[in-house]
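Engineer: Shown below is the structure under consideration.
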Amino acid sequence: MKVPFGDLKLHYQQYKTEIDQAVSRVLHSGHFILGPELEAFEKEFAALHGQGHAIGCASGTEAIYLALAACDVGPGDNVIVVAHTAVPTISAISMTGAMPVFVDIDTETYVMDVKQIEDLITLRTKAIVPVHLYGQMVDMESLLKIAAKHKLSVIEDVAQATGATYRNVIAGTLGDFGAFSFYPSKNIGAFGDGGAVFSKSKEKAQKLSMLRNYGQSKRYHHNVIGINSRFDEIQAAIMQCRLPYLKEWNERRKQIADRYTKGLANLSGLVKTPFTHPDNDHVFHLYVIQIEEREELQSYLSDKGIQALIHYPIPAHLQEAYSYLGYRKGTLPVTEHITKRILSLPMYPELSDEQIDFVINTIQNFFSERKTGLSSIKDAEIKTVMHSNSVAVTR
């Protein structure tokens, strides 16, 4: 049985008619940039998140950048963020000219350890970017108290947590801005790059709208320095027909996660399954286990036709591109410990129960075979020692 990490082709085939119709509608309209499809999607996406405004943009990376820019973050400023995230989060900070300052992660949830934030705040600190990683949210109540105390902007990185909640409040609506990615493999993705920024403020949304379109308030009137970061009409049309399925897809992800967790329960001590904080509704963009023999298991699964990936093997503070920041091994102990042991199992809504059980059984077999192999080696060592002793006595 083959179990890919994801299957976007299968996903398209299941919704082919709706998607083809959406694309055809745009092609026949002749309107491809900043048109009615994007306007309609922005309204629908904003409605999903309650009272507020959504501004579509070209990617999740630029969604973070635009939000930071709207908060006037720039050269000379510091932005607190985790190193255990996809590097695009850090890239967005660098795009503003600000400096990322890394905080360690929680040992259980793998997201920002909020208790360590205040120790990193200086007069140069301008913002905090909590990353809601793998589908689980940061402790936002504590974070927002710290931000308010020090007058810091908060930009939520919601790339992996669209639809997740913290104490029944949806991700992306608690900070000053929520930055979303619609990369194809996300919980809700486009068929190409795309992103959006959510804000409760009409004024901030208007600034975002200008920033994503060369800083224009209207054609040829450039009020601020902006960039080209526009979410095209084809992707917006596709997202319109996909948005109604988000809750259903997230529920399926939670079902898959529950099946994995129950199936791997007898391996407690060998495999650490994901922990969901009681305050959170985890939507499992990824199902990440922790295991000492990561490379061995990954290779074993691959041999059996199962694709498992690592998110992320090298934390940002140890990447060559960020060596100028001066971080060294040992700076973020929890991050460095976990990134040597985490492994992501296949996770996507179309994954069948049979495939999930095959993954579970294969992991169980991995440990069973290793146990048998170790026992055989131990028996052989005992026999060798006994034989040596026997020879010695005979002599």
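If you're wondering about the labels, chains in the structure tokens are A, B, ... by order shown, residues count from 1 in each chain, ligands from 1 in order shown.
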Would you mind listing what lies within 7 Å of Lys2 in chain A as a ChimeraX atom specification, with only C-alpha atoms counted and same-chain residues fewer than 2 positions away left out?

Structural biologist: /A:4,305-306

Engineer: Tell me which protein, DNA and RNA residues are within 8 Å of range 151-167 of chain A, counting only C-alpha atoms, leaving out same-chain ones fewer than 6 positions away, and put them as a PyMOL selection string.

Structural biologist: chain A and resi 60+64+67-68+71+89+125-137+139-140+144+174-182+186-188+246-247+250+279-285

Engineer: Name the residues in contact with Glu292 in chain A at a cut-off of 9 Å, using only C-alpha atoms, excluding same-chain residues fewer than 2 positions from it; report them as a list in words.

Structural biologist: Leu270, Val271, Gln290, Arg294, Glu295, Lys340, Arg341 and Ile342 of chain A

Engineer: May I have the residues from that selection written out with N, CA and C atoms, as a PDB file, in the first residue's frame?

Structural biologist:
ATOM      1  N   LEU A 270       8.115   5.111  23.594  1.00  0.00           N
ATOM      2  CA  LEU A 270       8.905   4.983  22.369  1.00  0.00           C
ATOM      3  C   LEU A 270       8.527   6.062  21.367  1.00  0.00           C
ATOM      4  N   VAL A 271       7.224   6.379  21.339  1.00  0.00           N
ATOM      5  CA  VAL A 271       6.711   7.410  20.443  1.00  0.00           C
ATOM      6  C   VAL A 271       5.903   8.415  21.272  1.00  0.00           C
ATOM      7  N   GLN A 290       7.275  12.466  18.188  1.00  0.00           N
ATOM      8  CA  GLN A 290       8.662  12.628  18.622  1.00  0.00           C
ATOM      9  C   GLN A 290       9.223  11.239  18.916  1.00  0.00           C
ATOM     10  N   ARG A 294      14.502   8.614  14.764  1.00  0.00           N
ATOM     11  CA  ARG A 294      13.750   9.271  13.694  1.00  0.00           C
ATOM     12  C   ARG A 294      14.190   8.829  12.303  1.00  0.00           C
ATOM     13  N   GLU A 295      15.475   8.940  12.007  1.00  0.00           N
ATOM     14  CA  GLU A 295      15.951   8.616  10.667  1.00  0.00           C
ATOM     15  C   GLU A 295      15.700   7.157  10.320  1.00  0.00           C
ATOM     16  N   LYS A 340      15.579  17.432  16.562  1.00  0.00           N
ATOM     17  CA  LYS A 340      16.341  16.219  16.255  1.00  0.00           C
ATOM     18  C   LYS A 340      15.483  14.964  16.332  1.00  0.00           C
ATOM     19  N   ARG A 341      14.244  15.110  16.801  1.00  0.00           N
ATOM     20  CA  ARG A 341      13.426  13.934  17.096  1.00  0.00           C
ATOM     21  C   ARG A 341      12.039  13.918  16.462  1.00  0.00           C
ATOM     22  N   ILE A 342      11.618  15.021  15.849  1.00  0.00           N
ATOM     23  CA  ILE A 342      10.251  15.082  15.334  1.00  0.00           C
ATOM     24  C   ILE A 342      10.127  14.485  13.935  1.00  0.00           C
TER      25      ILE A 342
END

Engineer: Mind checking which residues fall within 9 Å of range 102-116 of chain A, counting only C-alpha atoms, ignoring those fewer than 5 positions away in the same chain, and posting them as a PyMOL selection string?

Structural biologist: chain A and resi 79-85+130-134+136-140+142-143+146+274-277+316-317+331-335+338
